[in-house]
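Enquirer: run-v7.pdb is the file, holding PDB, C-alpha atoms, pLDDT in the B column:
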MODEL        1
ATOM      1  CA  MET A   1     101.833  66.830  84.354  1.00 61.00           C
ATOM      2  CA  LYS A   2     102.325  63.801  86.542  1.00 70.00           C
ATOM      3  CA  ALA A   3     102.293  64.116  90.324  1.00 83.00           C
ATOM      4  CA  THR A   4     102.480  61.153  92.675  1.00 90.00           C
ATOM      5  CA  LYS A   5     101.790  61.591  96.369  1.00 92.00           C
ATOM      6  CA  LYS A   6     104.656  60.127  98.365  1.00 94.00           C
ATOM      7  CA  ASP A   7     105.792  60.859 101.918  1.00 96.00           C
ATOM      8  CA  PHE A   8     103.737  62.793 104.454  1.00 96.00           C
ATOM      9  CA  LEU A   9     105.693  65.937 105.321  1.00 96.00           C
ATOM     10  CA  TYR A  10     103.592  68.200 107.504  1.00 93.00           C
ATOM     11  CA  GLU A  11     100.118  68.788 108.906  1.00 94.00           C
ATOM     12  CA  GLY A  12      98.796  72.226 109.707  1.00 91.00           C
ATOM     13  CA  LYS A  13      95.472  73.436 111.054  1.00 91.00           C
ATOM     14  CA  SER A  14      93.640  73.093 107.749  1.00 94.00           C
ATOM     15  CA  LYS A  15      95.965  71.275 105.340  1.00 97.00           C
ATOM     16  CA  GLN A  16      98.364  68.360 104.939  1.00 97.00           C
ATOM     17  CA  VAL A  17     101.479  68.415 102.768  1.00 97.00           C
ATOM     18  CA  TYR A  18     103.022  65.465 100.913  1.00 98.00           C
ATOM     19  CA  SER A  19     106.199  65.073  98.874  1.00 97.00           C
ATOM     20  CA  THR A  20     106.193  64.071  95.199  1.00 97.00           C
ATOM     21  CA  GLU A  21     108.716  62.554  92.809  1.00 96.00           C
ATOM     22  CA  ASP A  22     109.933  66.135  92.183  1.00 96.00           C
ATOM     23  CA  PRO A  23     111.828  67.600  95.187  1.00 96.00           C
ATOM     24  CA  ASN A  24     110.637  71.082  94.219  1.00 97.00           C
ATOM     25  CA  ARG A  25     106.931  70.219  94.155  1.00 97.00           C
ATOM     26  CA  VAL A  26     104.544  69.086  96.881  1.00 98.00           C
ATOM     27  CA  ILE A  27     100.890  68.118  97.116  1.00 98.00           C
ATOM     28  CA  VAL A  28      98.623  70.063  99.463  1.00 98.00           C
ATOM     29  CA  HIS A  29      95.520  68.321 100.814  1.00 98.00           C
ATOM     30  CA  TYR A  30      92.719  70.560 102.136  1.00 97.00           C
ATOM     31  CA  LYS A  31      90.923  69.308 105.254  1.00 97.00           C
ATOM     32  CA  ASP A  32      87.489  70.020 106.733  1.00 96.00           C
ATOM     33  CA  ASP A  33      89.058  70.896 110.090  1.00 93.00           C
ATOM     34  CA  ALA A  34      88.281  74.361 111.413  1.00 92.00           C
ATOM     35  CA  THR A  35      90.133  76.233 114.141  1.00 90.00           C
ATOM     36  CA  ALA A  36      89.915  79.679 115.699  1.00 87.00           C
ATOM     37  CA  PHE A  37      91.599  81.729 118.424  1.00 82.00           C
ATOM     38  CA  ASN A  38      94.983  80.044 117.885  1.00 75.00           C
ATOM     39  CA  ALA A  39      93.356  76.605 117.770  1.00 73.00           C
ATOM     40  CA  GLN A  40      91.619  77.043 121.148  1.00 79.00           C
ATOM     41  CA  LYS A  41      88.354  76.438 119.311  1.00 87.00           C
ATOM     42  CA  ARG A  42      88.196  73.399 117.050  1.00 92.00           C
ATOM     43  CA  GLY A  43      85.585  71.775 114.861  1.00 94.00           C
ATOM     44  CA  THR A  44      84.810  70.545 111.386  1.00 94.00           C
ATOM     45  CA  VAL A  45      82.877  72.190 108.580  1.00 95.00           C
ATOM     46  CA  VAL A  46      81.217  70.040 105.930  1.00 95.00           C
ATOM     47  CA  ASP A  47      82.845  70.511 102.491  1.00 96.00           C
ATOM     48  CA  LYS A  48      85.248  73.180 103.784  1.00 97.00           C
ATOM     49  CA  GLY A  49      88.293  71.429 102.331  1.00 97.00           C
ATOM     50  CA  GLU A  50      86.690  71.064  98.931  1.00 98.00           C
ATOM     51  CA  MET A  51      85.407  74.637  98.875  1.00 98.00           C
ATOM     52  CA  ASN A  52      88.733  76.146  99.975  1.00 98.00           C
ATOM     53  CA  ASN A  53      90.545  74.085  97.351  1.00 98.00           C
ATOM     54  CA  ARG A  54      88.162  75.277  94.646  1.00 98.00           C
ATOM     55  CA  ILE A  55      88.154  78.900  95.820  1.00 98.00           C
ATOM     56  CA  SER A  56      91.945  79.022  96.168  1.00 98.00           C
ATOM     57  CA  THR A  57      92.265  77.522  92.691  1.00 98.00           C
ATOM     58  CA  LEU A  58      90.110  80.267  91.192  1.00 98.00           C
ATOM     59  CA  ILE A  59      91.951  82.982  93.082  1.00 98.00           C
ATOM     60  CA  PHE A  60      95.478  81.695  92.413  1.00 98.00           C
ATOM     61  CA  LYS A  61      94.705  81.549  88.682  1.00 97.00           C
ATOM     62  CA  TYR A  62      93.199  85.037  88.797  1.00 98.00           C
ATOM     63  CA  LEU A  63      96.193  86.456  90.666  1.00 98.00           C
ATOM     64  CA  ALA A  64      98.650  84.786  88.282  1.00 97.00           C
ATOM     65  CA  ALA A  65      96.827  86.445  85.382  1.00 97.00           C
ATOM     66  CA  SER A  66      97.214  89.733  87.298  1.00 96.00           C
ATOM     67  CA  GLY A  67     100.998  89.270  87.467  1.00 97.00           C
ATOM     68  CA  ILE A  68     101.228  87.954  91.049  1.00 98.00           C
ATOM     69  CA  PRO A  69     103.761  85.110  91.508  1.00 98.00           C
ATOM     70  CA  THR A  70     102.268  82.180  93.451  1.00 98.00           C
ATOM     71  CA  HIS A  71     103.183  78.626  94.401  1.00 98.00           C
ATOM     72  CA  TYR A  72     100.160  77.208  92.547  1.00 98.00           C
ATOM     73  CA  ILE A  73     100.766  74.774  89.685  1.00 98.00           C
ATOM     74  CA  LYS A  74      97.553  72.809  89.170  1.00 97.00           C
ATOM     75  CA  THR A  75      94.537  71.330  90.923  1.00 97.00           C
ATOM     76  CA  LEU A  76      94.632  67.538  91.090  1.00 97.00           C
ATOM     77  CA  ASP A  77      91.189  66.694  92.476  1.00 97.00           C
ATOM     78  CA  GLU A  78      88.479  67.978  94.807  1.00 97.00           C
ATOM     79  CA  ARG A  79      90.853  68.362  97.766  1.00 97.00           C
ATOM     80  CA  GLU A  80      94.404  68.493  96.437  1.00 98.00           C
ATOM     81  CA  GLN A  81      96.699  70.888  94.624  1.00 98.00           C
ATOM     82  CA  LEU A  82     100.165  70.494  93.190  1.00 98.00           C
ATOM     83  CA  VAL A  83     102.276  73.472  94.247  1.00 98.00           C
ATOM     84  CA  LYS A  84     105.878  74.626  94.276  1.00 98.00           C
ATOM     85  CA  LYS A  85     107.714  73.646  97.418  1.00 98.00           C
ATOM     86  CA  VAL A  86     108.661  76.756  99.362  1.00 98.00           C
ATOM     87  CA  ASN A  87     110.320  77.677 102.601  1.00 97.00           C
ATOM     88  CA  ILE A  88     107.648  79.722 104.329  1.00 97.00           C
ATOM     89  CA  VAL A  89     108.771  83.135 105.555  1.00 98.00           C
ATOM     90  CA  PRO A  90     107.450  83.064 109.150  1.00 98.00           C
ATOM     91  CA  VAL A  91     105.748  86.426 108.759  1.00 98.00           C
ATOM     92  CA  GLU A  92     101.981  86.546 108.372  1.00 97.00           C
ATOM     93  CA  MET A  93     100.973  89.588 106.337  1.00 98.00           C
ATOM     94  CA  ILE A  94      97.625  91.118 107.299  1.00 98.00           C
ATOM     95  CA  VAL A  95      95.911  93.673 105.054  1.00 98.00           C
ATOM     96  CA  ARG A  96      92.906  95.583 106.372  1.00 98.00           C
ATOM     97  CA  ASN A  97      90.441  97.668 104.377  1.00 98.00           C
ATOM     98  CA  TYR A  98      87.808  97.777 107.132  1.00 98.00           C
ATOM     99  CA  ILE A  99      88.032  97.732 110.904  1.00 97.00           C
ATOM    100  CA  ALA A 100      87.231  94.225 112.125  1.00 97.00           C
ATOM    101  CA  GLY A 101      88.241  91.350 114.364  1.00 93.00           C
ATOM    102  CA  SER A 102      91.243  91.643 116.636  1.00 93.00           C
ATOM    103  CA  MET A 103      92.118  95.155 115.459  1.00 95.00           C
ATOM    104  CA  ALA A 104      88.702  96.468 116.478  1.00 96.00           C
ATOM    105  CA  GLN A 105      89.079  94.858 119.907  1.00 94.00           C
ATOM    106  CA  ARG A 106      92.697  95.908 120.369  1.00 94.00           C
ATOM    107  CA  LEU A 107      92.140  99.567 119.521  1.00 95.00           C
ATOM    108  CA  GLY A 108      88.575  99.983 120.742  1.00 95.00           C
ATOM    109  CA  LEU A 109      87.264 100.823 117.273  1.00 95.00           C
ATOM    110  CA  GLU A 110      83.833 100.035 115.874  1.00 94.00           C
ATOM    111  CA  GLU A 111      83.792  96.958 113.680  1.00 95.00           C
ATOM    112  CA  GLY A 112      82.567  97.528 110.155  1.00 95.00           C
ATOM    113  CA  THR A 113      84.092 100.988 109.772  1.00 94.00           C
ATOM    114  CA  LYS A 114      85.837 101.528 106.434  1.00 97.00           C
ATOM    115  CA  SER A 115      89.434 102.582 106.944  1.00 97.00           C
ATOM    116  CA  PRO A 116      90.550 105.764 105.146  1.00 97.00           C
ATOM    117  CA  VAL A 117      93.845 104.009 104.385  1.00 98.00           C
ATOM    118  CA  THR A 118      94.941 100.450 103.714  1.00 98.00           C
ATOM    119  CA  ILE A 119      96.357  99.058 106.955  1.00 98.00           C
ATOM    120  CA  PHE A 120      99.254  96.610 106.882  1.00 98.00           C
ATOM    121  CA  GLU A 121     100.228  94.503 109.900  1.00 98.00           C
ATOM    122  CA  ILE A 122     102.621  91.616 110.367  1.00 98.00           C
ATOM    123  CA  CYS A 123     102.657  88.727 112.829  1.00 98.00           C
ATOM    124  CA  TYR A 124     105.465  86.365 113.795  1.00 98.00           C
ATOM    125  CA  LYS A 125     104.295  82.897 112.787  1.00 96.00           C
ATOM    126  CA  LYS A 126     105.144  80.893 115.878  1.00 94.00           C
ATOM    127  CA  ASP A 127     102.408  78.775 117.431  1.00 89.00           C
ATOM    128  CA  GLU A 128     103.957  78.576 120.885  1.00 93.00           C
ATOM    129  CA  LEU A 129     103.917  82.383 121.074  1.00 94.00           C
ATOM    130  CA  SER A 130     100.375  82.614 119.622  1.00 91.00           C
ATOM    131  CA  ASP A 131     101.588  84.436 116.489  1.00 94.00           C
ATOM    132  CA  PRO A 132     102.296  87.821 118.123  1.00 96.00           C
ATOM    133  CA  LEU A 133     101.934  91.130 116.304  1.00 97.00           C
ATOM    134  CA  ILE A 134     105.405  92.503 115.481  1.00 98.00           C
ATOM    135  CA  ASN A 135     106.979  95.333 113.484  1.00 98.00           C
ATOM    136  CA  ASP A 136     109.627  95.359 110.760  1.00 98.00           C
ATOM    137  CA  HIS A 137     112.487  95.873 113.206  1.00 98.00           C
ATOM    138  CA  HIS A 138     111.392  92.854 115.244  1.00 98.00           C
ATOM    139  CA  ALA A 139     111.350  90.743 112.065  1.00 98.00           C
ATOM    140  CA  VAL A 140     114.874  91.810 111.199  1.00 98.00           C
ATOM    141  CA  VAL A 141     116.167  91.202 114.736  1.00 98.00           C
ATOM    142  CA  LEU A 142     114.557  87.746 114.705  1.00 98.00           C
ATOM    143  CA  GLY A 143     116.338  87.040 111.434  1.00 98.00           C
ATOM    144  CA  ILE A 144     113.146  85.986 109.669  1.00 97.00           C
ATOM    145  CA  ALA A 145     113.224  88.682 106.965  1.00 98.00           C
ATOM    146  CA  THR A 146     115.348  91.568 105.761  1.00 98.00           C
ATOM    147  CA  TYR A 147     114.111  95.115 105.282  1.00 98.00           C
ATOM    148  CA  ASP A 148     114.240  94.647 101.503  1.00 98.00           C
ATOM    149  CA  GLU A 149     112.260  91.408 101.727  1.00 98.00           C
ATOM    150  CA  LEU A 150     109.657  93.067 103.930  1.00 98.00           C
ATOM    151  CA  LYS A 151     109.385  96.000 101.516  1.00 98.00           C
ATOM    152  CA  TYR A 152     108.793  93.583  98.648  1.00 98.00           C
ATOM    153  CA  MET A 153     106.165  91.631 100.614  1.00 98.00           C
ATOM    154  CA  TYR A 154     104.338  94.848 101.476  1.00 98.00           C
ATOM    155  CA  GLN A 155     104.362  95.884  97.807  1.00 98.00           C
ATOM    156  CA  LEU A 156     103.109  92.480  96.698  1.00 98.00           C
ATOM    157  CA  SER A 157     100.443  92.482  99.425  1.00 98.00           C
ATOM    158  CA  GLY A 158      99.217  95.849  98.163  1.00 98.00           C
ATOM    159  CA  LYS A 159      98.925  94.538  94.607  1.00 98.00           C
ATOM    160  CA  ILE A 160      97.110  91.438  95.853  1.00 98.00           C
ATOM    161  CA  ASN A 161      94.719  93.630  97.843  1.00 98.00           C
ATOM    162  CA  GLN A 162      93.896  95.750  94.810  1.00 98.00           C
ATOM    163  CA  ALA A 163      93.322  92.712  92.602  1.00 98.00           C
ATOM    164  CA  LEU A 164      91.206  90.843  95.166  1.00 98.00           C
ATOM    165  CA  THR A 165      89.161  93.899  96.139  1.00 98.00           C
ATOM    166  CA  GLU A 166      88.179  94.374  92.492  1.00 98.00           C
ATOM    167  CA  LEU A 167      87.395  90.676  92.047  1.00 98.00           C
ATOM    168  CA  PHE A 168      85.238  90.381  95.145  1.00 98.00           C
ATOM    169  CA  LEU A 169      83.336  93.585  94.375  1.00 98.00           C
ATOM    170  CA  LYS A 170      82.308  92.021  91.064  1.00 98.00           C
ATOM    171  CA  ALA A 171      80.906  89.181  93.170  1.00 98.00           C
ATOM    172  CA  ASN A 172      79.072  91.768  95.352  1.00 98.00           C
ATOM    173  CA  LEU A 173      81.411  91.064  98.249  1.00 98.00           C
ATOM    174  CA  ILE A 174      83.421  93.434 100.440  1.00 98.00           C
ATOM    175  CA  LEU A 175      86.970  92.296 101.216  1.00 98.00           C
ATOM    176  CA  ALA A 176      87.208  93.606 104.766  1.00 98.00           C
ATOM    177  CA  ASP A 177      90.641  92.141 105.489  1.00 98.00           C
ATOM    178  CA  PHE A 178      92.798  89.134 104.784  1.00 98.00           C
ATOM    179  CA  LYS A 179      95.990  87.394 105.813  1.00 98.00           C
ATOM    180  CA  ILE A 180      98.527  85.802 103.489  1.00 98.00           C
ATOM    181  CA  GLU A 181     101.823  83.973 103.666  1.00 98.00           C
ATOM    182  CA  PHE A 182     104.851  84.118 101.409  1.00 98.00           C
ATOM    183  CA  GLY A 183     107.541  81.542 100.799  1.00 98.00           C
ATOM    184  CA  LYS A 184     110.842  81.268  98.971  1.00 98.00           C
ATOM    185  CA  ASP A 185     110.998  78.851  96.053  1.00 98.00           C
ATOM    186  CA  ALA A 186     114.016  76.795  94.968  1.00 96.00           C
ATOM    187  CA  ASP A 187     115.529  79.867  93.294  1.00 97.00           C
ATOM    188  CA  GLY A 188     115.022  82.082  96.339  1.00 97.00           C
ATOM    189  CA  ASN A 189     112.117  84.023  94.823  1.00 98.00           C
ATOM    190  CA  ILE A 190     109.460  85.252  97.250  1.00 98.00           C
ATOM    191  CA  ILE A 191     106.023  84.084  96.080  1.00 98.00           C
ATOM    192  CA  LEU A 192     102.504  83.884  97.483  1.00 98.00           C
ATOM    193  CA  ALA A 193     101.881  80.538  99.189  1.00 98.00           C
ATOM    194  CA  ASP A 194      99.382  78.813 101.514  1.00 96.00           C
ATOM    195  CA  GLU A 195      95.785  79.605 100.429  1.00 97.00           C
ATOM    196  CA  VAL A 196      93.338  82.444  99.749  1.00 98.00           C
ATOM    197  CA  SER A 197      89.868  81.478 100.908  1.00 98.00           C
ATOM    198  CA  PRO A 198      87.088  82.319 103.396  1.00 98.00           C
ATOM    199  CA  ASP A 199      89.448  80.851 106.007  1.00 97.00           C
ATOM    200  CA  THR A 200      91.917  83.665 105.371  1.00 97.00           C
ATOM    201  CA  CYS A 201      89.669  86.511 104.172  1.00 98.00           C
ATOM    202  CA  ARG A 202      86.847  88.427 105.833  1.00 98.00           C
ATOM    203  CA  LEU A 203      84.135  88.649 103.187  1.00 98.00           C
ATOM    204  CA  TRP A 204      80.890  90.564 103.687  1.00 98.00           C
ATOM    205  CA  ASP A 205      77.892  90.763 101.382  1.00 98.00           C
ATOM    206  CA  LYS A 206      78.010  94.260  99.901  1.00 98.00           C
ATOM    207  CA  ASP A 207      74.300  94.925 100.433  1.00 98.00           C
ATOM    208  CA  THR A 208      73.533  93.232 103.755  1.00 97.00           C
ATOM    209  CA  LEU A 209      77.036  92.995 105.335  1.00 97.00           C
ATOM    210  CA  LYS A 210      76.284  89.327 106.061  1.00 98.00           C
ATOM    211  CA  LYS A 211      79.506  87.541 106.961  1.00 98.00           C
ATOM    212  CA  LEU A 212      80.493  84.865 104.446  1.00 98.00           C
ATOM    213  CA  ASP A 213      83.762  83.628 105.946  1.00 98.00           C
ATOM    214  CA  LYS A 214      85.279  81.817 108.935  1.00 97.00           C
ATOM    215  CA  ASP A 215      83.784  84.365 111.320  1.00 97.00           C
ATOM    216  CA  ARG A 216      80.622  82.305 111.018  1.00 97.00           C
ATOM    217  CA  PHE A 217      82.554  79.503 112.744  1.00 96.00           C
ATOM    218  CA  ARG A 218      84.462  81.774 115.146  1.00 95.00           C
ATOM    219  CA  ARG A 219      81.313  83.505 116.350  1.00 96.00           C
ATOM    220  CA  ASP A 220      78.887  80.547 116.211  1.00 96.00           C
ATOM    221  CA  LEU A 221      76.741  82.235 113.572  1.00 97.00           C
ATOM    222  CA  GLY A 222      75.795  78.977 111.852  1.00 96.00           C
ATOM    223  CA  GLU A 223      75.509  78.231 108.123  1.00 97.00           C
ATOM    224  CA  VAL A 224      79.287  78.012 107.803  1.00 97.00           C
ATOM    225  CA  SER A 225      79.376  75.488 104.971  1.00 97.00           C
ATOM    226  CA  GLU A 226      76.636  77.395 103.160  1.00 98.00           C
ATOM    227  CA  ALA A 227      78.707  80.586 103.298  1.00 98.00           C
ATOM    228  CA  TYR A 228      81.751  78.893 101.729  1.00 98.00           C
ATOM    229  CA  HIS A 229      79.560  77.422  98.981  1.00 98.00           C
ATOM    230  CA  GLU A 230      78.070  80.857  98.312  1.00 98.00           C
ATOM    231  CA  VAL A 231      81.496  82.491  97.957  1.00 98.00           C
ATOM    232  CA  TYR A 232      82.543  79.771  95.522  1.00 98.00           C
ATOM    233  CA  ASP A 233      79.342  80.123  93.484  1.00 98.00           C
ATOM    234  CA  ARG A 234      79.702  83.900  93.271  1.00 98.00           C
ATOM    235  CA  LEU A 235      83.341  83.714  92.193  1.00 98.00           C
ATOM    236  CA  THR A 236      82.558  81.042  89.616  1.00 97.00           C
ATOM    237  CA  SER A 237      79.804  83.205  88.182  1.00 97.00           C
ATOM    238  CA  VAL A 238      82.109  86.234  87.929  1.00 96.00           C
ATOM    239  CA  LEU A 239      85.151  84.413  86.545  1.00 94.00           C
ATOM    240  CA  THR A 240      83.348  82.280  83.970  1.00 83.00           C
ATOM    241  CA  ASN A 241      81.196  85.022  82.449  1.00 70.00           C
TER     242      ASN A 241
ENDMDL
END
In structure tokens, write the structure found in this file.

Expert:
Amino acid sequence: MKATKKDFLYEGKSKQVYSTEDPNRVIVHYKDDATAFNAQKRGTVVDKGEMNNRISTLIFKYLAASGIPTHYIKTLDEREQLVKKVNIVPVEMIVRNYIAGSMAQRLGLEEGTKSPVTIFEICYKKDELSDPLINDHHAVVLGIATYDELKYMYQLSGKINQALTELFLKANLILADFKIEFGKDADGNIILADEVSPDTCRLWDKDTLKKLDKDRFRRDLGEVSEAYHEVYDRLTSVLTN
């Protein structure tokens, strides 16, 4: 499957996107850039781009085998993937299995507490507004999604959560929470896009609760690159045995 990188289209916080000879396919390049707190904190993490590319590759393939539609087509090299071109739905879906991060701060709850229910939240993806937390009615009023589309994204997010929770437990990791993005392909189908990696998931060692995700960068815990490598090694071990 040939894919030639052509025009630069877009640069986000952690990736660059390029056109190809096929108008319905683009190349995503993973960077080592790291950001936190709506890009107020910036830095670089050695090998982060390579690790997130590898981890997302493993996870996209795993989710596809679990019946989850994604934009992933193939991995081209250490930092690049060929994916379906999508129009991103500007709704960030957040799924929480444990109390952590902004939710713990916002509601005054103890971080690390397992939630008795799966918690779903959505944010309006708009940098100039700092991606505010919204509800379904807000999304509809903003014209960024319909009720039916939101219902489908919630259902798909639940299936993704179940599949990923099982996968990470096999790797002795707790999936505390994660955020994902969906996009519409050329036929208007809503599919999983962006990436699934320690940048977008809170992952804790099941035995020690050691953080193995971007919180190590957010909270200046050190050993950030090592944590990403460890997640990749654990997933590789689980998925190749």

Enquirer: What's the separation between CA of Leu175 (chain A) and CA of Arg202 (chain A), in Å to one decimal place?

Expert: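 Those two atoms sit 6.0 Å apart.
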
Enquirer: Mind checking which residues fall within 12 Å of Val117 (chain A), counting all atoms listed in the file, ignoring those fewer than 4 positions away in the same chain, and posting them as a PyMOL selection string?

Expert: chain A and resi 95-99+113+158

Enquirer: Between CA of Lys31 (chain A) and CA of Arg79 (chain A), what is the distance, to one decimal in Å?

Expert: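 A separation of 7.5 Å between them.
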
Enquirer: Considering only C-alpha atoms, can you say which of A:Val17, A:Leu173, A:Ile94, A:Leu58 comes closest to Glu80 (chain A)?

Expert: A:Val17

Enquirer: With the PyMOL selection byres ((chain A and resi 215) around 12) as the selection, what would be picked from this file? Answer as a PyMOL selection string, please.

Expert: chain A and resi 34-37+100-102+176-177+198-204+210-214+216-225+227-228

Enquirer: For the provided coordinates, the residues matched by the PyMOL selection byres ((chain A and resi 131-148) around 9) should be stated as a list in words.

Expert: Asn38, Val89, Pro90, Val91, Glu92, Glu121, Ile122, Cys123, Tyr124, Lys125, Lys126, Asp127, Glu128, Leu129, Ser130, Glu149, Leu150, Lys151, Tyr152 and Met153 of chain A

Enquirer: If we count all atoms listed in the file, what is near Lys61 (chain A) at a cut-off of 9 Å, once residues fewer than 4 positions away on the same chain are taken out, given as a list in words?

Expert: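 That gives Ser56, Thr57, Ala65, Ser66, Thr70 and Tyr72 of chain A.
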
Enquirer: Any chance you could work out the residue set of the PyMOL selection byres ((chain A and resi 188) around 12) here, as a ChimeraX atom specification?

Expert: /A:84-89,149,182-187,189-191

Enquirer: Which is closest to Asp207 (chain A) among A:Thr4, A:Asn172, A:Gln105, A:Thr240, if we use all atoms listed in the file?

Expert: A:Asn172

Enquirer: Rounded to one decimal, what separation in Å do you get between CA of Leu239 (chain A) and CA of Tyr18 (chain A)?

Expert: 29.7 Å

Enquirer: Tell me which of A:Asn161, A:Gln155, A:Gln81, A:Ser197 sits closest to Val26 (chain A), counting only C-alpha atoms.

Expert: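 Of A:Asn161, A:Gln155, A:Gln81, A:Ser197, the one nearest Val26 (chain A), counting only C-alpha atoms, is A:Gln81.
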
Enquirer: Around all of region 137-141 of chain A's listed atoms, make the axis-aligned box with 8 Å on each side and tell me centre and edge lengths in Å to one decimal, as JSON.

Expert:
{"center_x": 113.8, "center_y": 93.3, "center_z": 113.2, "size_x": 20.8, "size_y": 21.1, "size_z": 20.0}

Enquirer: Tell me which of A:Val46, A:Ile119, A:Ile68, A:Ile55 sits closest to Arg234 (chain A), counting all atoms listed in the file.

Expert: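 Among the listed residues, A:Ile55 lies closest to Arg234 (chain A).
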
Enquirer: I'd like the neighbourhood of Ser237 (chain A) as a list of chain:residue names, where a residue qualifies if any of its atoms comes within 10 Å (using all atoms listed in the file), though same-chain residues fewer than 6 positions away should be ignored.

Expert: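 Selected residues are A:Lys170, A:Ala171, A:Val231.
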
Enquirer: Compare A:Arg54, A:Lys6, A:Lys159, A:His29 by their minimum atom-to-atom distance to Asp233 (chain A), counting only C-alpha atoms, and give me the closest one.

Expert: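 Distance minimum relative to Asp233 (chain A) lands on A:Arg54.
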
Enquirer: Looking at A:Thr165, A:Ser157, A:Ser14, A:Ser19, which one is nearest to Leu82 (chain A), with distances taken over all atoms listed in the file?

Expert: A:Ser19
